[in-house]
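Undergrad: start.txt is reproduced below (compact mmCIF, C-alpha atoms).
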# COMPACT_ATOMS: atom_id res chain seq x y z
CA MET A 256 1.12 -4.78 -10.95
CA ASN A 257 0.94 -4.09 -14.66
CA TRP A 258 -0.69 -1.17 -16.45
CA GLU A 259 -2.67 -3.31 -18.90
CA SER A 260 -4.72 -4.72 -16.01
CA LEU A 261 -4.76 -1.49 -14.01
CA LEU A 262 -6.37 0.32 -16.96
CA SER A 263 -9.22 -2.18 -17.27
CA LEU A 264 -12.35 -0.87 -18.98
CA LYS A 265 -14.45 -3.72 -17.57
CA ARG A 266 -17.76 -2.84 -15.90
CA HIS A 267 -20.08 -4.77 -13.61
CA GLY A 268 -21.94 -7.45 -15.57
CA ASP A 269 -19.72 -7.39 -18.65
CA THR A 270 -19.65 -10.66 -20.55
CA HIS A 271 -16.96 -9.62 -23.01
CA LYS A 272 -13.64 -7.83 -22.74
CA ARG A 273 -13.58 -4.12 -23.53
CA LEU A 274 -10.51 -3.14 -25.55
CA ARG A 275 -9.15 0.38 -25.53
CA LYS A 276 -8.35 0.35 -29.23
CA GLU A 277 -12.02 -0.39 -29.99
CA GLN A 278 -13.32 2.60 -28.00
CA LYS A 279 -15.02 5.48 -29.75
CA GLU A 280 -12.77 8.50 -29.41
CA THR A 281 -15.79 10.81 -29.14
CA ARG A 282 -17.01 9.12 -25.94
CA LEU A 283 -14.41 7.03 -24.17
CA GLY A 284 -15.31 4.61 -21.41
CA PHE A 285 -13.34 6.51 -18.78
CA GLU A 286 -15.10 9.75 -19.75
CA VAL A 287 -18.45 7.98 -19.35
CA ASP A 288 -17.43 7.33 -15.73
CA TYR A 289 -17.10 11.06 -15.13
CA ASP A 290 -20.50 11.75 -16.68
CA ARG A 291 -22.25 9.08 -14.62
CA ILE A 292 -20.79 10.43 -11.39
CA ILE A 293 -21.59 14.08 -12.04
CA PHE A 294 -25.23 13.34 -12.92
CA SER A 295 -25.80 11.07 -9.92
CA SER A 296 -28.04 12.20 -7.06
CA ALA A 297 -25.31 11.33 -4.54
CA PHE A 298 -22.92 13.75 -6.20
CA ARG A 299 -25.51 16.50 -6.49
CA SER A 300 -26.21 16.32 -2.75
CA LEU A 301 -22.63 17.47 -2.11
CA GLN A 302 -23.73 21.03 -2.98
CA ASP A 303 -25.23 21.26 0.51
CA LYS A 304 -22.62 19.38 2.51
CA THR A 305 -20.01 21.17 4.56
CA GLN A 306 -16.40 20.92 3.41
CA VAL A 307 -14.82 22.62 6.44
CA ILE A 308 -16.46 26.02 6.89
CA PRO A 309 -20.19 25.74 7.67
CA MET A 310 -22.86 27.16 5.42
CA PRO A 311 -24.43 29.65 5.39
CA ILE A 312 -21.57 32.03 6.08
CA ASN A 313 -21.94 34.07 9.24
CA VAL A 314 -22.76 37.75 9.06
CA GLY A 315 -19.61 39.85 9.10
CA SER A 316 -17.43 37.62 6.96
CA LYS A 317 -15.36 39.44 4.38
CA LYS A 318 -16.31 37.47 1.27
CA ASP A 319 -19.48 35.76 0.11
CA PHE A 320 -18.16 32.31 -0.80
CA VAL A 321 -16.58 29.27 0.80
CA HIS A 322 -16.33 25.74 -0.51
CA THR A 323 -18.89 22.99 -0.14
CA ARG A 324 -18.11 19.32 -0.76
CA LEU A 325 -19.33 19.81 -4.33
CA THR A 326 -17.13 22.76 -5.28
CA HIS A 327 -14.19 21.11 -3.53
CA SER A 328 -14.78 17.89 -5.49
CA LEU A 329 -14.97 19.73 -8.81
CA GLU A 330 -11.67 21.48 -8.11
CA VAL A 331 -9.98 18.26 -6.98
CA SER A 332 -11.15 16.67 -10.21
CA VAL A 333 -9.63 19.45 -12.32
CA VAL A 334 -6.30 19.13 -10.51
CA GLY A 335 -6.53 15.35 -10.78
CA ARG A 336 -7.08 15.54 -14.53
CA SER A 337 -3.88 17.55 -14.92
CA LEU A 338 -1.94 15.16 -12.72
CA GLY A 339 -3.26 12.17 -14.65
CA ARG A 340 -2.47 13.61 -18.06
CA ILE A 341 1.10 14.56 -17.15
CA ALA A 342 1.70 11.21 -15.48
CA GLY A 343 0.12 9.49 -18.49
CA GLN A 344 2.67 11.04 -20.82
CA GLU A 345 5.49 9.75 -18.63
CA ILE A 346 3.98 6.27 -18.32
CA LEU A 347 3.40 5.90 -22.07
CA SER A 348 6.96 7.03 -22.70
CA LYS A 349 8.23 4.36 -20.33
CA TYR A 350 5.83 1.65 -21.58
CA PRO A 351 5.26 2.48 -25.29
CA HIS A 352 3.39 -0.81 -25.93
CA LEU A 353 0.44 0.62 -23.96
CA SER A 354 -0.07 3.07 -26.78
CA GLU A 355 1.31 1.16 -29.74
CA VAL A 356 -0.35 -2.18 -29.00
CA HIS A 357 -3.33 -1.38 -26.77
CA GLY A 358 -4.21 2.10 -27.97
CA TYR A 359 -4.08 4.00 -24.68
CA HIS A 360 -3.59 7.80 -24.77
CA PHE A 361 -2.27 10.09 -22.04
CA ASN A 362 -5.76 11.58 -21.76
CA ASP A 363 -7.03 8.20 -20.54
CA PHE A 364 -4.97 8.57 -17.39
CA GLY A 365 -6.36 12.07 -16.90
CA ALA A 366 -9.92 10.84 -17.36
CA ILE A 367 -9.50 8.03 -14.82
CA VAL A 368 -7.97 10.28 -12.17
CA ALA A 369 -10.51 13.05 -12.86
CA ALA A 370 -13.46 10.65 -12.42
CA ALA A 371 -12.08 9.05 -9.27
CA ALA A 372 -11.23 12.48 -7.84
CA LEU A 373 -14.72 13.76 -8.66
CA ALA A 374 -16.17 10.94 -6.55
CA HIS A 375 -13.61 11.01 -3.74
CA ASP A 376 -15.99 12.64 -1.20
CA ILE A 377 -19.25 11.20 -2.50
CA GLY A 378 -19.74 8.97 0.56
CA ASN A 379 -19.04 11.58 3.22
CA PRO A 380 -21.81 12.37 5.74
CA PRO A 381 -23.18 15.86 6.45
CA PHE A 382 -21.55 18.36 8.83
CA GLY A 383 -17.96 18.07 7.67
CA HIS A 384 -15.32 15.71 8.97
CA SER A 385 -17.13 15.10 12.26
CA GLY A 386 -20.01 13.34 10.49
CA GLU A 387 -18.13 10.04 10.26
CA LYS A 388 -17.10 10.28 13.90
CA ALA A 389 -20.68 11.01 14.97
CA ILE A 390 -21.96 7.84 13.28
CA GLY A 391 -19.15 5.78 14.78
CA ASN A 392 -19.69 7.29 18.22
CA TYR A 393 -23.36 6.27 18.19
CA PHE A 394 -22.45 2.60 17.75
CA GLU A 395 -19.36 2.60 19.96
CA SER A 396 -20.50 4.55 23.01
CA GLY A 397 -24.07 5.62 22.26
CA ASN A 398 -27.30 3.60 22.22
CA GLY A 399 -26.08 1.68 19.17
CA ALA A 400 -23.49 -0.13 21.32
CA LYS A 401 -26.23 -2.60 22.33
CA TYR A 402 -25.92 -4.25 18.92
CA LYS A 403 -22.25 -5.19 19.36
CA GLU A 404 -22.82 -8.79 20.44
CA ARG A 405 -25.40 -9.44 17.74
CA ILE A 406 -23.17 -8.94 14.69
CA THR A 407 -19.67 -10.05 13.69
CA LYS A 408 -16.52 -8.19 14.74
CA GLU A 409 -15.91 -7.05 11.17
CA GLU A 410 -19.48 -5.80 10.80
CA TYR A 411 -19.31 -3.93 14.09
CA GLN A 412 -15.99 -2.35 13.10
CA ASP A 413 -17.63 -1.11 9.88
CA LEU A 414 -20.06 0.83 12.06
CA ILE A 415 -17.86 2.20 14.84
CA ASP A 416 -15.26 3.35 12.31
CA PHE A 417 -17.85 4.45 9.73
CA GLU A 418 -15.78 5.49 6.74
CA GLY A 419 -16.78 7.85 3.95
CA ASN A 420 -14.45 6.08 1.52
CA ALA A 421 -16.19 2.75 2.11
CA ASN A 422 -19.60 4.41 1.83
CA GLY A 423 -18.46 5.98 -1.42
CA PHE A 424 -17.54 2.57 -2.83
CA LYS A 425 -20.98 1.34 -1.76
CA LEU A 426 -22.76 4.25 -3.43
CA LEU A 427 -20.85 3.81 -6.68
CA THR A 428 -21.28 0.04 -6.93
CA GLU A 429 -24.38 -1.08 -4.99
CA SER A 430 -27.02 -2.88 -7.01
CA ARG A 431 -30.65 -1.84 -6.58
CA ASP A 432 -33.83 -3.18 -8.12
CA GLY A 433 -33.45 -2.61 -11.83
CA VAL A 434 -30.02 -0.99 -11.38
CA PRO A 435 -27.40 -3.77 -11.26
CA GLY A 436 -23.92 -2.60 -10.33
CA GLY A 437 -24.92 0.92 -9.33
CA LEU A 438 -23.24 3.45 -11.64
CA ARG A 439 -21.35 0.64 -13.40
CA LEU A 440 -18.04 2.49 -13.52
CA SER A 441 -14.96 1.01 -15.14
CA TYR A 442 -12.86 -1.09 -12.80
CA ALA A 443 -9.88 1.19 -13.53
CA THR A 444 -11.78 4.17 -12.10
CA LEU A 445 -13.04 2.15 -9.14
CA GLY A 446 -9.47 1.01 -8.48
CA ALA A 447 -8.17 4.58 -8.56
CA PHE A 448 -11.01 5.60 -6.24
CA MET A 449 -10.10 2.99 -3.59
CA LYS A 450 -7.82 5.04 -1.36
CA TYR A 451 -7.62 2.32 1.30
CA PRO A 452 -8.13 -1.09 -0.35
CA LYS A 453 -8.69 -3.06 2.84
CA ALA A 454 -11.39 -4.24 5.21
CA SER A 455 -12.11 -2.50 8.53
CA LEU A 456 -10.23 -5.27 10.39
CA PRO A 457 -7.42 -5.61 11.14
CA LYS A 458 -7.18 -1.93 12.00
CA LYS A 459 -3.97 -0.21 10.83
CA PRO A 460 -1.88 -3.41 10.51
CA SER A 461 1.08 -1.36 9.24
CA LYS A 462 2.21 2.23 8.71
CA HIS A 463 1.67 1.93 4.95
CA ILE A 464 -0.63 4.64 3.64
CA ALA A 465 -2.97 1.97 2.22
CA ASP A 466 -3.61 0.70 5.78
CA LYS A 467 -4.52 4.07 7.32
CA LYS A 468 -8.30 3.54 7.01
CA PHE A 469 -10.54 1.08 5.14
CA GLY A 470 -12.25 1.18 1.80
CA PHE A 471 -15.24 -1.18 1.73
CA PHE A 472 -17.96 -2.47 4.03
CA GLN A 473 -18.49 -6.19 4.54
CA SER A 474 -21.65 -5.89 2.42
CA GLU A 475 -19.48 -5.02 -0.62
CA LYS A 476 -16.68 -7.50 0.03
CA VAL A 477 -17.47 -9.85 -2.85
CA PHE A 478 -17.57 -7.12 -5.47
CA PHE A 479 -14.52 -5.40 -4.01
CA LEU A 480 -12.55 -8.63 -4.48
CA GLU A 481 -13.84 -8.93 -8.05
CA VAL A 482 -12.51 -5.46 -8.87
CA VAL A 483 -9.18 -6.16 -7.16
CA ASP A 484 -8.76 -9.42 -9.06
CA GLU A 485 -9.52 -7.79 -12.42
CA ILE A 486 -7.10 -4.89 -12.03
CA GLY A 487 -4.41 -7.00 -10.35
CA LEU A 488 -3.72 -5.23 -7.06
CA ILE A 489 -0.98 -6.82 -4.95
CA LYS A 490 -1.90 -8.47 -1.65
CA ASN A 491 -0.53 -6.57 1.32
CA PRO A 492 1.51 -9.09 3.38
CA SER A 493 1.23 -6.99 6.54
CA ASN A 494 -2.53 -7.55 6.53
CA ASN A 495 -3.66 -11.05 7.51
CA GLY A 496 -7.21 -10.21 6.48
CA VAL A 497 -8.41 -8.59 3.27
CA GLY A 498 -5.93 -5.90 2.29
CA PHE A 499 -4.06 -4.81 -0.84
CA TYR A 500 -1.62 -2.19 -2.02
CA ARG A 501 -3.06 0.76 -3.91
CA HIS A 502 -3.78 1.26 -7.56
CA PRO A 503 -0.93 3.59 -8.64
CA LEU A 504 -3.32 6.28 -9.88
CA THR A 505 -4.81 6.48 -6.38
CA TYR A 506 -1.69 8.37 -5.35
CA LEU A 507 -2.57 11.04 -7.91
CA VAL A 508 -6.19 11.22 -6.70
CA GLU A 509 -4.89 11.67 -3.16
CA ALA A 510 -2.38 14.31 -4.28
CA ALA A 511 -5.14 16.28 -6.00
CA ASP A 512 -7.18 16.24 -2.80
CA ASP A 513 -4.17 17.15 -0.65
CA ILE A 514 -3.24 20.05 -2.93
CA CYS A 515 -6.77 21.45 -2.97
CA TYR A 516 -7.59 21.20 0.70
CA THR A 517 -4.18 22.61 1.65
CA ILE A 518 -4.54 25.67 -0.55
CA ILE A 519 -8.32 26.09 -0.80
CA ASP A 520 -9.20 25.58 2.87
CA PHE A 521 -6.49 28.12 3.61
CA GLU A 522 -8.08 30.51 1.09
CA ASP A 523 -11.51 29.99 2.68
CA GLY A 524 -10.04 30.94 6.02
CA ILE A 525 -8.77 34.16 4.46
CA ASN A 526 -12.14 34.85 2.83
CA LEU A 527 -13.86 34.45 6.20
CA GLY A 528 -11.43 36.75 7.92
CA LEU A 529 -10.16 33.93 10.13
CA ILE A 530 -6.64 34.32 8.72
CA SER A 531 -5.07 37.72 8.12
CA GLU A 532 -4.58 38.34 4.39
CA ASP A 533 -1.14 39.86 4.83
CA TYR A 534 -0.07 36.97 7.05
CA ALA A 535 -1.51 34.42 4.63
CA LEU A 536 0.18 35.94 1.59
CA GLU A 537 3.54 35.46 3.30
CA TYR A 538 2.84 31.75 3.75
CA LEU A 539 1.89 31.32 0.10
CA ILE A 540 4.90 33.30 -1.09
CA ASN A 541 7.14 30.92 0.89
CA LEU A 542 5.63 28.07 -1.12
CA VAL A 543 5.94 29.66 -4.57
CA LYS A 544 9.01 31.89 -4.21
CA ASP A 545 10.93 29.86 -6.81
CA GLY A 546 8.34 30.55 -9.50
CA ILE A 547 6.78 33.89 -8.65
CA ASN A 548 6.94 36.75 -11.12
CA ILE A 549 7.68 39.62 -8.75
CA LYS A 550 6.98 42.32 -11.33
CA LYS A 551 3.58 40.82 -12.14
CA TYR A 552 2.76 40.30 -8.47
CA ASN A 553 3.68 43.86 -7.46
CA ALA A 554 1.57 45.28 -10.31
CA MET A 555 -1.58 43.85 -8.70
CA THR A 556 -3.18 46.47 -6.46
CA ALA A 557 -6.11 44.37 -5.19
CA SER A 558 -5.32 41.84 -2.48
CA SER A 559 -7.90 39.46 -4.00
CA ASP A 560 -5.95 39.45 -7.28
CA ARG A 561 -2.69 38.78 -5.45
CA LEU A 562 -4.32 35.92 -3.56
CA SER A 563 -5.75 34.40 -6.76
CA TYR A 564 -2.35 34.63 -8.46
CA LEU A 565 -0.56 32.97 -5.55
CA ARG A 566 -3.24 30.28 -5.27
CA ALA A 567 -2.89 29.35 -8.95
CA LEU A 568 0.88 29.38 -8.70
CA ALA A 569 0.82 27.28 -5.52
CA ILE A 570 -1.44 24.64 -7.09
CA ASN A 571 0.75 24.45 -10.20
CA THR A 572 3.88 24.23 -8.04
CA LEU A 573 2.47 21.31 -6.04
CA ILE A 574 1.23 19.54 -9.20
CA THR A 575 4.74 19.64 -10.63
CA ASP A 576 6.20 18.46 -7.34
CA ALA A 577 3.74 15.56 -7.03
CA ILE A 578 4.46 14.42 -10.58
CA ASP A 579 8.20 14.48 -9.94
CA VAL A 580 7.75 12.23 -6.90
CA PHE A 581 5.38 9.92 -8.79
CA VAL A 582 7.70 9.48 -11.75
CA GLN A 583 10.80 8.99 -9.60
CA ASN A 584 9.04 6.35 -7.52
CA GLU A 585 6.89 4.65 -10.19
CA THR A 586 8.63 1.29 -9.74
CA ALA A 587 8.13 1.36 -5.96
CA ILE A 588 4.51 2.42 -6.40
CA MET A 589 3.93 -0.45 -8.84
CA ASN A 590 5.32 -3.06 -6.44
CA GLY A 591 3.58 -1.62 -3.38
CA SER A 592 6.66 -0.51 -1.47
CA PHE A 593 5.94 3.23 -1.70
CA ASP A 594 4.15 3.74 1.60
CA VAL A 595 3.37 7.47 1.97
CA ALA A 596 1.42 10.17 0.14
CA LEU A 597 3.24 11.89 -2.72
CA LEU A 598 3.41 15.28 -1.01
CA GLU A 599 5.11 13.63 1.97
CA LYS A 600 8.14 13.09 -0.27
CA GLY A 601 7.91 16.44 -2.05
CA LYS A 602 10.40 19.23 -1.71
CA TYR A 603 7.69 21.58 -0.43
CA LYS A 604 6.64 19.37 2.48
CA ALA A 605 7.70 21.92 5.12
CA GLN A 606 5.82 24.79 3.46
CA VAL A 607 2.69 22.65 3.07
CA GLU A 608 2.84 21.64 6.72
CA ASP A 609 3.14 25.30 7.76
CA ILE A 610 -0.02 26.16 5.81
CA ILE A 611 -1.93 23.19 7.20
CA ASP A 612 -0.87 23.99 10.78
CA LEU A 613 -2.17 27.53 10.39
CA SER A 614 -5.43 26.27 8.88
CA VAL A 615 -5.90 23.86 11.80
CA GLU A 616 -5.32 26.63 14.33
CA LYS A 617 -7.36 29.36 12.67
CA VAL A 618 -9.98 27.51 10.59
CA TYR A 619 -10.60 23.91 11.68
CA ARG A 620 -10.74 24.95 15.35
CA SER A 621 -12.74 28.12 14.77
CA THR A 622 -15.98 28.74 16.65
CA GLU A 623 -18.01 28.42 13.44
CA VAL A 624 -16.64 24.96 12.70
CA ILE A 625 -16.90 23.69 16.28
CA ASP A 626 -20.51 24.90 16.62
CA LYS A 627 -21.48 23.12 13.40
CA GLU A 628 -19.79 19.90 14.49
CA LEU A 629 -21.48 19.97 17.90
CA ALA A 630 -24.90 20.38 16.30
CA GLY A 631 -24.04 17.65 13.79
CA TYR A 632 -23.21 15.13 16.52
CA LYS A 633 -26.61 15.61 18.16
CA ILE A 634 -28.57 15.57 14.91
CA ILE A 635 -26.87 12.45 13.56
CA SER A 636 -27.18 10.59 16.86
CA ASP A 637 -30.89 11.37 17.16
CA LEU A 638 -31.61 10.34 13.56
CA LEU A 639 -29.73 7.08 13.96
CA GLU A 640 -31.55 6.29 17.19
CA VAL A 641 -35.08 6.68 15.87
CA TYR A 642 -34.50 5.04 12.51
CA THR A 643 -32.41 2.08 13.68
CA SER A 644 -34.82 1.40 16.56
CA GLY A 645 -37.83 1.63 14.27
CA ARG A 646 -36.40 -0.71 11.64
CA VAL A 647 -35.04 -3.21 14.19
CA ASN A 648 -38.39 -3.26 15.99
CA ALA A 649 -40.13 -3.94 12.68
CA LYS A 650 -37.69 -6.76 11.89
CA GLU A 651 -38.43 -8.34 15.28
CA GLY A 652 -42.21 -7.93 14.96
CA LYS A 653 -42.38 -5.27 17.71
CA ALA A 654 -43.00 -2.17 15.61
CA THR A 655 -45.18 0.54 17.11
CA ASN A 656 -47.31 2.86 15.02
CA TYR A 657 -44.56 5.48 15.43
CA ASP A 658 -41.99 3.01 14.09
CA ARG A 659 -44.15 2.33 11.05
CA LEU A 660 -44.55 6.07 10.42
CA LEU A 661 -40.78 6.51 10.63
CA ILE A 662 -40.15 3.72 8.15
CA ARG A 663 -42.66 5.18 5.69
CA SER A 664 -40.79 8.48 5.88
CA LEU A 665 -37.65 6.82 4.54
CA PRO A 666 -36.84 6.60 0.82
CA GLU A 667 -38.20 3.35 -0.59
CA ASN A 668 -34.82 1.66 -0.95
CA TYR A 669 -34.16 2.08 2.81
CA ARG A 670 -37.48 0.71 4.10
CA SER A 671 -36.84 -3.02 3.95
CA THR A 672 -36.59 -4.84 7.29
CA ASP A 673 -36.42 -8.35 5.82
CA ILE A 674 -32.61 -8.24 5.84
CA SER A 675 -29.88 -8.99 8.37
CA LEU A 676 -29.44 -6.83 11.46
CA TYR A 677 -26.05 -5.69 10.16
CA LYS A 678 -27.56 -4.50 6.89
CA ILE A 679 -30.33 -2.64 8.73
CA LEU A 680 -27.76 -0.82 10.86
CA LEU A 681 -25.42 -0.16 7.95
CA HIS A 682 -28.14 0.93 5.53
CA THR A 683 -29.60 3.29 8.12
CA SER A 684 -26.14 4.77 8.70
CA CYS A 685 -25.69 5.16 4.95
CA PHE A 686 -29.09 6.85 4.70
CA VAL A 687 -28.10 9.39 7.36
CA ALA A 688 -24.74 9.84 5.62
CA SER A 689 -26.54 10.56 2.35
CA LEU A 690 -28.38 13.55 3.77
CA SER A 691 -27.25 17.06 3.01
CA ASP A 692 -26.71 19.40 5.94
CA SER A 693 -30.06 21.13 5.38
CA ALA A 694 -31.95 17.87 4.87
CA ALA A 695 -30.54 16.44 8.11
CA VAL A 696 -31.55 19.57 10.04
CA HIS A 697 -35.02 19.55 8.47
CA MET A 698 -35.56 15.85 9.21
CA HIS A 699 -34.31 16.25 12.77
CA ASN A 700 -36.70 19.15 13.35
CA LYS A 701 -39.61 17.03 12.13
CA ILE A 702 -38.94 14.01 14.31
CA MET A 703 -38.31 16.26 17.32
CA GLY A 704 -41.71 17.88 16.74
CA GLN A 705 -40.22 21.28 16.03
CA GLN A 706 -41.49 21.57 12.45
CA PHE A 707 -44.68 20.55 10.66
Let me see the file written as structure tokens.
TA:
Amino acid sequence: MNWESLLSLKRHGDTHKRLRKEQKETRLGFEVDYDRIIFSSAFRSLQDKTQVIPMPINVGSKKDFVHTRLTHSLEVSVVGRSLGRIAGQEILSKYPHLSEVHGYHFNDFGAIVAAAALAHDIGNPPFGHSGEKAIGNYFESGNGAKYKERITKEEYQDLIDFEGNANGFKLLTESRDGVPGGLRLSYATLGAFMKYPKASLPKKPSKHIADKKFGFFQSEKVFFLEVVDEIGLIKNPSNNGVGFYRHPLTYLVEAADDICYTIIDFEDGINLGLISEDYALEYLINLVKDGINIKKYNAMTASSDRLSYLRALAINTLITDAIDVFVQNETAIMNGSFDVALLEKGKYKAQVEDIIDLSVEKVYRSTEVIDKELAGYKIISDLLEVYTSGRVNAKEGKATNYDRLLIRSLPENYRSTDISLYKILLHTSCFVASLSDSAAVHMHNKIMGQQF
């Protein structure tokens, strides 16, 4: 791979090449990407989607705030911007022609990573991490399994392994009437966004991090390949289907996410009283002991101030560590042979794993989280059942009056039944995935006759 291609400013529908040196410094193309994402309805809906801890917070919790998908995404973007800028300085130092000939600045790298990081959860369903599993479960072992023999293997795999990353790519790029190319982001940002640049089949053809999940649905295959061709991703030889190695900046997007969920989910557990503050402070001190200012730390009398100080120090420590790994392995990353996340090779791997293990035990498996996930499974399954059945019946000319009422209750861009069965099933799944937690509950109550 080469950085000139990887930093492509091209957008869907462009008929001429966009050159970095011709960009207006007051509003760069990569910064436009950020703006388009943050003002999109899909991004705004993240304010009412569960990150890990359900909302609203239960009575008796110690603090009045935990993260939603939106606040998590904003924080990941901030960390990603820092990672991108620091990495950009190193890259431009190593490849000075990028600046001298093409006009790239280190801030460009920060803008790309910040935009991709901002969008990294944009395709995730409601009710936290179980939302994807609930959609997949409906098609694999629920009533949706009856469609298996009526679509291709690849299409069916898209559904049973419903993936928020692939749905995110769809949301960012899908053309609608009068809106060709969706948000029309630069191909550099789309490339950095694609955490798993492969199709749903074959499943996990290797242990390479790029093969862990998949990054596009069959409905977006053509455009995915256009982006890949423009930015010059390398074909993954372990994948006999459609699969590529990552855009190098994807590693920074992933690192930003890993840093935030490691530290911030842990902090949310403390704020909810699920993790003892004294116990938690010890874990964070183990991570930052090389950089902590003991005098400053001991001068803080409020535990909340100590926690904030350790959180900031921990994030900065992991940013520095991730950059060190990225720079040391830039050649391997560029040729596709670097096969793990950056933090996996960091010197703080053990401390990070300790924090994550405690979060899993005390937070991810807490009663509040499990109760929300259980409710989410039922709500998502019921919504998929009524809306897929109604739309499929309409496609086959068997729609009842109830089916027609259901279809009219959908947003206009999800009502069409004059499309393939696969697209009906996928689009309905994407509609359910687009709902916020509250909207899904409200809609479920209506169709169950519990709310008028």
Undergrad: Compare A:Glu277, A:Asp545, A:Glu599, A:Glu608 by their minimum atom-to-atom distance to Leu568 (chain A), counting only C-alpha atoms, and give me the closest one.
TA: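 Comparing A:Glu277, A:Asp545, A:Glu599, A:Glu608 against Leu568 (chain A), the winner is A:Asp545.
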Undergrad: Select, from A:Ile625, A:Ile415, A:Ile489, A:Ile377, the residue with the minimum atom-to-atom distance to Ser691 (chain A), counting all atoms listed in the file.
TA: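 Using all atoms listed in the file, Ser691 (chain A) sits closest to A:Ile377.
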Undergrad: Sort by chain and increasing residue number a table of all residues of region 317-430 of chain A within 12 Å of region 655-676 of chain A, each with its closest pair of atoms and their distance in Å to one decimal, counting all atoms listed in the file, and write it as a tab-separated table.
TA:
residue	atom	partner	partner_atom	distance
A:Gly399	CA	A:Leu676	CA	12.0
A:Tyr402	CA	A:Leu676	CA	8.6
A:Lys403	CA	A:Leu676	CA	10.8
A:Glu404	CA	A:Leu676	CA	11.3
A:Arg405	CA	A:Leu676	CA	7.9
A:Ile406	CA	A:Leu676	CA	7.4
A:Thr407	CA	A:Leu676	CA	10.5
A:Glu410	CA	A:Leu676	CA	10.0
A:Tyr411	CA	A:Leu676	CA	10.9
A:Glu429	CA	A:Asn668	CA	11.5
A:Ser430	CA	A:Asn668	CA	10.9
Undergrad: Using Å and a single decimal, report how far CA of Lys304 (chain A) sits from CA of Leu325 (chain A).
TA: 7.6 Å
Undergrad: Measure the distance from CA of Asn422 (chain A) to CA of Ser689 (chain A) in Å and round it to one decimal.
TA: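 Atom-to-atom, CA of Asn422 (chain A) to CA of Ser689 (chain A), that is 9.3 Å.
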Undergrad: Near region 498-505 of chain A, within 7 Å and counting only C-alpha atoms, which residues show up once chain neighbours fewer than 2 positions away are dropped, as a list of chain:residue names?
TA: A:Val368, A:Gly446, A:Ala447, A:Phe448, A:Met449, A:Lys450, A:Pro452, A:Lys453, A:Ala454, A:Ala465, A:Leu488, A:Ile489, A:Lys490, A:Asn491, A:Asn494, A:Gly496, A:Leu507, A:Val508, A:Glu509, A:Ile588, A:Met589, A:Gly591
Undergrad: Measuring atom to atom with all atoms listed in the file, identify which of A:Ala605, A:Ile611, A:Ala374, A:Leu353 is nearest to Phe298 (chain A).
TA: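 Among A:Ala605, A:Ile611, A:Ala374, A:Leu353, it is A:Ala374 that comes nearest to Phe298 (chain A).
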Undergrad: Give me the residues near Ala389 (chain A) as a ChimeraX atom specification, where near means some atom within 12 Å (using all atoms listed in the file) and where sequence neighbours in that chain fewer than 2 positions away do not count.
TA: /A:379-387,391-397,399,414-418,628-639,684,687-688
Undergrad: Pick the closest to Arg561 (chain A) from A:Val607, A:Ile549, A:Gly528, A:Ala342: which is it, counting only C-alpha atoms?
TA: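 Residue with the minimum atom-to-atom distance to Arg561 (chain A): A:Ile549.
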Undergrad: Using all atoms listed in the file, which residues sit within 8 Å of Thr683 (chain A) once same-chain residues fewer than 2 positions away are excluded, as a compact mmCIF listing (two decimals) with C-alpha atoms, in the coordinates of the input?
TA:
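File result39.txt, as written:
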# COMPACT_ATOMS: atom_id res chain seq x y z
CA LEU A 639 -29.73 7.08 13.96
CA TYR A 642 -34.50 5.04 12.51
CA THR A 643 -32.41 2.08 13.68
CA TYR A 669 -34.16 2.08 2.81
CA ILE A 679 -30.33 -2.64 8.73
CA LEU A 680 -27.76 -0.82 10.86
CA LEU A 681 -25.42 -0.16 7.95
CA CYS A 685 -25.69 5.16 4.95
CA PHE A 686 -29.09 6.85 4.70
CA VAL A 687 -28.10 9.39 7.36
Undergrad: One decimal, Å: what's the distance from CA of Pro492 (chain A) over to CA of Ser455 (chain A), could you say?
TA: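 A separation of 16.0 Å between them.
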Undergrad: Starting from the point (-14.1, -2.9, -7.0), work out which residues of protein, DNA or RNA have an atom no more than 12 Å away when counting only C-alpha atoms; state them as a PyMOL selection string.
TA: chain A and resi 261+263+265-267+421+423-429+436-437+439-453+470-472+475-488+499+502
Undergrad: Tell me, as a ChimeraX atom specification, which residues lie within 10 Å of Leu562 (chain A), counting all atoms listed in the file; anything in the same chain fewer than 3 positions away does not count.
TA: /A:522,525,532-533,535-536,539-540,552,555,557-559,565-568
Undergrad: From the options A:Val647, A:Ile308, A:Ile570, A:Ile530, which residue's atoms come nearest to Tyr677 (chain A), counting all atoms listed in the file?
TA: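 When distances to Tyr677 (chain A) are compared using all atoms listed in the file, the smallest one comes from A:Val647.
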Undergrad: From the list A:Glu259, A:Asp466, A:Glu651, A:Glu616, which residue is nearest Leu274 (chain A) when using all atoms listed in the file?
TA: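 Residue with the minimum atom-to-atom distance to Leu274 (chain A): A:Glu259.
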Undergrad: Return the padded bounding box of region 550-566 of chain A as JSON: axis-aligned, built from all atoms listed in the file, 6 Å added on each side, with centre and edge lengths in Å to one decimal.
TA:
{"center_x": -0.5, "center_y": 38.4, "center_z": -7.3, "size_x": 26.9, "size_y": 28.2, "size_z": 21.7}
